[in-house]
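Step one of this worksheet: look at the structure below.
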Amino acid sequence: MTTEIDPVDVHAVVDGPAGAPVVVLAGSLGSTLEMWRPQVGPLLAAGLRVVRYDHRGHGGSPVPPGPYSIAGLGGDLLRLLDRIGAERASVAGVSLGGMVGMWAAALHPERINRLALLCTSALLGPPEGWTDRAATVRAEGTGAVAGPVVGRWFTPAYAEREPEAVARMRDTVAATPPEGYAGCCEAIADMDLRPELPGIGAPTLVLAGGDDPATPAEHARAIAGLIPGARLHVLDGGAHLASWECADQVNPLLVEHLTRR
Ligand SMILES: O=C(O)CCC(=O)CC(=O)O
């Protein structure tokens, strides 16, 4: 089913001093690198070089025809590391970004320092849910799924409090190229990273949103149970985009983990 082989040059923004330890931030399905805005300042203040990027098929990145695979998306990440001259980097990933991070840490341990996995899963079934979603966006556009998707990103209380922020996120999802969104759905449909996780040697922090309906805390527990030495933290509240809604909880945990010696 996987057709793509060649890595693409993804759109990325690099902040922070050359020579500082690099952290790459990998986002969720339907997002752009803008989703990391709450994390950039704290990570820069901690002395890191912060690299944010758009997955293939998202934001400013090229949109090759799908289906994609987690390995293909991981190849894009490794090519990005090559482009910025980073032999090694830490990776923090939300959801799809976490899946790519797990793949890279398991298959290319020589490139990955530390891993932070947020609101993600090693196996997110059923596959038909993803192939149906891919078919919907190819037929009707990504706007057809943006409302329900963003409904899972934030708690009802946050949506009530910050309707404009939520509307902007919905617009971002709706603006994702249908082929790019669908290709990534097919990558998730095809994914089972569980056999790879015991081979991960990078120190790993696993964070779950306390109220995440898309990747509930049991997915984080399963990941933490399979990666040797992984630390698990379930946030007080927060839905699927807990890195945004619960940035005040997430940022200190990320900084502590990514700057640990
Ligand atoms: O968020 C991701 O990167 C993939 C999981 C997802 O799309 C969650 C949802 O169905 O809302």
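Following the order of the structure tokens, first chain is A, next is B, and so on, with residues numbered from 1 inside each chain and ligands from 1 in the order they appear.
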
Checklist entry - Would you give me, as number ranges by chain, the residues in range 3-160 of chain A that DSSP reads as alpha helix (DSSP H)? => result A: 37-45, 70-83, 96-107, 127-140, 143-153, 156-160

Checklist entry - If you count only C-alpha atoms and all ligand atoms, which residues end up within 6 Å of ligand 1, as a ChimeraX atom specification? => result /A:28-29,95-96,149,152,214

Please produce a file of those selected residues containing N, CA, C and O atoms, as a CSV table (one decimal), in the first residue's frame.
```csv
chain,number,residue,atom,x,y,z
A,28,SER,N,0.6,17.5,14.9
A,28,SER,CA,-0.5,16.6,14.8
A,28,SER,C,-1.1,16.7,13.4
A,28,SER,O,-0.9,17.6,12.6
A,29,LEU,N,-1.9,15.7,13.0
A,29,LEU,CA,-2.6,15.6,11.7
A,29,LEU,C,-3.5,16.9,11.6
A,29,LEU,O,-4.3,17.2,12.5
A,95,SER,N,0.7,13.5,18.8
A,95,SER,CA,-0.1,12.6,18.0
A,95,SER,C,0.7,12.1,16.7
A,95,SER,O,1.7,11.4,16.9
A,96,LEU,N,0.3,12.5,15.5
A,96,LEU,CA,1.1,12.0,14.3
A,96,LEU,C,2.6,12.3,14.5
A,96,LEU,O,3.4,11.5,14.1
A,149,VAL,N,-12.9,17.1,14.1
A,149,VAL,CA,-11.5,17.0,14.5
A,149,VAL,C,-11.2,18.0,15.6
A,149,VAL,O,-10.6,17.6,16.7
A,152,ARG,N,-12.3,17.5,19.1
A,152,ARG,CA,-11.5,16.6,20.0
A,152,ARG,C,-10.2,17.3,20.4
A,152,ARG,O,-9.5,16.7,21.3
A,214,ALA,N,-9.3,11.5,21.7
A,214,ALA,CA,-8.7,10.9,20.4
A,214,ALA,C,-7.7,9.9,20.8
A,214,ALA,O,-7.6,8.8,20.2
```

Checklist entry - Given the choices A:Cys184, A:Ala230, A:Leu241, A:Ala46, which gets closest to Val150 in chain A if the distance is worked out from only C-alpha atoms? => result A:Leu241

Next on the checklist: Give me the residues near Pro109 in chain A as a list in words, where near means some atom within 8 Å (using only C-alpha atoms) and where sequence neighbours in that chain fewer than 4 positions away do not count.
Outcome noted: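 After dropping sequence-adjacent residues, the list is Ala104, Ala105, Asn113, Ile200, Gly201 and Ala202 of chain A.
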
Checklist entry - Taking into account only C-alpha atoms, which residue in the set A:Trp36, A:Ala116, A:Gly27, A:Val100 is nearest to Val255 in chain A? => result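 Looking only at the distances to Val255 in chain A, the closest residue turns out to be A:Ala116.
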
Item to check | strand (DSSP E) positions in range 75-207 of chain A, given as number ranges by chain | outcome: A: 89-94, 112-118, 204-207

Item to check | All residues 9 Å or closer to range 18-25 of chain A, only C-alpha atoms, same chain fewer than 6 positions away omitted, as an MDAnalysis selection string | outcome: chainID A and resid 33 36 43 47:53 77 81 86 88:94 97 113:114 258:259

Item to check | Atom pair CA of Pro64 in chain A / CA of Ala134 in chain A: separation (Å) | outcome: 14.8 Å

Item to check | Within 12 Å of Ala222 in chain A using only C-alpha atoms, minus same-chain residues under 5 positions, as a list in words | outcome: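 In the requested format, the answer is Thr120, Ser121, Ala122, Leu123, Leu124, Leu193, Arg194, Pro195, Leu197, Pro198, Val206, Leu207, Ala208, Thr215, Pro216, Ala217, Ile227, Pro228, Ala230, Arg231 and Leu232 of chain A.
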
Item to check | Selection near range 69-71 of chain A, 8 Å with only C-alpha atoms, sequence-local residues under 5 positions removed, as a list in words | outcome: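 Using only C-alpha atoms, the neighbours found are Thr2, Glu4, Met99, Val100, Trp103, Gly183, Cys184, Glu186, Ala187, Ile188, Asp190 and Met191 of chain A.
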
Checklist entry - For Ala26 in chain A, which residue among A:Val173, A:Tyr181, A:Ser243, A:Pro127 is the nearest when counting only C-alpha atoms? => result A:Ser243

Checklist entry - Do you know which residues are at most 12 Å from Asp132 in chain A counting only C-alpha atoms, after dropping those on the same chain fewer than 4 positions away, and could you put them as a PyMOL selection string? => result chain A and resi 125-128+136-140+145+182-183+185-186+189

Same residues, all heavy atoms, output as a short mmCIF file (atom, residue, chain, number, x, y, z; two decimals), in the first residue's frame:
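Written file, again_19.cif:
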```cif
data_model
loop_
_atom_site.label_atom_id
_atom_site.label_comp_id
_atom_site.auth_asym_id
_atom_site.auth_seq_id
_atom_site.Cartn_x
_atom_site.Cartn_y
_atom_site.Cartn_z
N GLY A 125 -6.34 2.36 15.97
CA GLY A 125 -7.32 1.78 15.07
C GLY A 125 -8.70 2.35 15.31
O GLY A 125 -8.87 3.24 16.14
N PRO A 126 -9.70 1.83 14.58
CA PRO A 126 -9.53 0.81 13.55
C PRO A 126 -9.06 1.44 12.23
O PRO A 126 -9.40 2.59 11.96
CB PRO A 126 -10.94 0.23 13.40
CG PRO A 126 -11.84 1.36 13.77
CD PRO A 126 -11.10 2.19 14.80
N PRO A 127 -8.35 0.67 11.40
CA PRO A 127 -7.84 1.21 10.14
C PRO A 127 -8.94 1.78 9.25
O PRO A 127 -8.75 2.79 8.56
CB PRO A 127 -7.15 0.02 9.46
CG PRO A 127 -6.97 -1.01 10.51
CD PRO A 127 -7.93 -0.72 11.64
N GLU A 128 -10.13 1.15 9.30
CA GLU A 128 -11.22 1.62 8.42
C GLU A 128 -11.63 3.05 8.77
O GLU A 128 -12.09 3.80 7.89
CB GLU A 128 -12.47 0.72 8.54
CG GLU A 128 -12.23 -0.75 8.27
CD GLU A 128 -11.48 -1.45 9.39
OE1 GLU A 128 -11.75 -1.18 10.59
OE2 GLU A 128 -10.56 -2.25 9.08
N THR A 136 -13.28 10.56 2.66
CA THR A 136 -14.15 11.73 2.85
C THR A 136 -13.43 13.01 2.44
O THR A 136 -13.97 13.84 1.71
CB THR A 136 -14.59 11.84 4.33
OG1 THR A 136 -15.33 10.67 4.67
CG2 THR A 136 -15.45 13.08 4.57
N VAL A 137 -12.18 13.18 2.90
CA VAL A 137 -11.50 14.45 2.58
C VAL A 137 -11.14 14.51 1.09
O VAL A 137 -11.16 15.59 0.50
CB VAL A 137 -10.28 14.74 3.48
CG1 VAL A 137 -10.69 14.86 4.93
CG2 VAL A 137 -9.18 13.75 3.33
N ARG A 138 -10.83 13.36 0.49
CA ARG A 138 -10.55 13.40 -0.97
C ARG A 138 -11.80 13.78 -1.75
O ARG A 138 -11.74 14.49 -2.75
CB ARG A 138 -10.00 12.06 -1.45
CG ARG A 138 -8.52 11.85 -1.09
CD ARG A 138 -7.86 10.79 -1.97
NE ARG A 138 -6.45 10.62 -1.60
CZ ARG A 138 -5.99 9.69 -0.78
NH1 ARG A 138 -6.81 8.81 -0.24
NH2 ARG A 138 -4.70 9.63 -0.50
N ALA A 139 -12.96 13.32 -1.27
CA ALA A 139 -14.21 13.58 -2.00
C ALA A 139 -14.78 14.95 -1.69
O ALA A 139 -15.32 15.62 -2.57
CB ALA A 139 -15.24 12.50 -1.66
N GLU A 140 -14.67 15.38 -0.42
CA GLU A 140 -15.41 16.58 0.01
C GLU A 140 -14.53 17.72 0.49
O GLU A 140 -15.03 18.79 0.82
CB GLU A 140 -16.37 16.20 1.16
CG GLU A 140 -17.39 15.13 0.79
CD GLU A 140 -18.17 14.65 2.01
OE1 GLU A 140 -18.39 15.44 2.93
OE2 GLU A 140 -18.51 13.45 2.03
N VAL A 145 -14.16 17.51 7.63
CA VAL A 145 -13.84 16.85 8.91
C VAL A 145 -13.33 17.83 9.96
O VAL A 145 -13.12 17.46 11.12
CB VAL A 145 -12.80 15.71 8.73
CG1 VAL A 145 -13.32 14.66 7.75
CG2 VAL A 145 -11.43 16.24 8.29
N ALA A 182 -5.27 13.19 3.66
CA ALA A 182 -5.67 11.80 3.41
C ALA A 182 -4.45 10.87 3.45
O ALA A 182 -4.50 9.77 4.02
CB ALA A 182 -6.36 11.70 2.05
N GLY A 183 -3.35 11.32 2.85
CA GLY A 183 -2.14 10.49 2.85
C GLY A 183 -1.68 10.19 4.27
O GLY A 183 -1.25 9.06 4.57
N CYS A 185 -3.67 10.17 6.96
CA CYS A 185 -4.64 9.22 7.53
C CYS A 185 -4.25 7.79 7.18
O CYS A 185 -4.32 6.88 8.02
CB CYS A 185 -6.04 9.49 6.98
SG CYS A 185 -6.83 10.98 7.59
N GLU A 186 -3.84 7.60 5.92
CA GLU A 186 -3.48 6.24 5.48
C GLU A 186 -2.21 5.76 6.17
O GLU A 186 -2.05 4.56 6.44
CB GLU A 186 -3.36 6.23 3.96
CG GLU A 186 -4.74 6.35 3.32
CD GLU A 186 -4.75 6.85 1.88
OE1 GLU A 186 -3.78 7.49 1.44
OE2 GLU A 186 -5.77 6.61 1.20
N ALA A 189 -3.46 4.55 9.46
CA ALA A 189 -4.21 3.30 9.28
C ALA A 189 -3.28 2.10 9.23
O ALA A 189 -3.59 1.01 9.74
CB ALA A 189 -5.04 3.37 8.00
#
```

Item to check | Counting only C-alpha atoms, the option among A:Cys246, A:Leu235, A:Leu115, A:Val14 closest to Pro38 in chain A | outcome: A:Cys246

Checklist entry - Please, what distance in Å, to one decimal, runs between CA of Pro67 in chain A and CA of Leu107 in chain A? => result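 CA of Leu107 in chain A lies at a distance of 20.8 Å from CA of Pro67 in chain A.
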
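The residue that comes closest to Pro177 in chain A, out of A:Gly57, A:Pro203, A:Gly238, A:Pro163 and on the basis of only C-alpha atoms, is A:Gly57.
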
Checklist entry - Quick one, how far is CA of Arg170 in chain A from CA of Thr142 in chain A? => result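 Computing the Euclidean distance for CA of Arg170 in chain A and CA of Thr142 in chain A yields 10.1 Å.
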
Item to check | Residue nearest His219 in chain A - candidates A:Cys119, A:Ala239, A:Leu205, A:Ala247, atoms counted: only C-alpha atoms | outcome: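 Going through A:Cys119, A:Ala239, A:Leu205, A:Ala247 one by one, the smallest distance to His219 in chain A is for A:Cys119.
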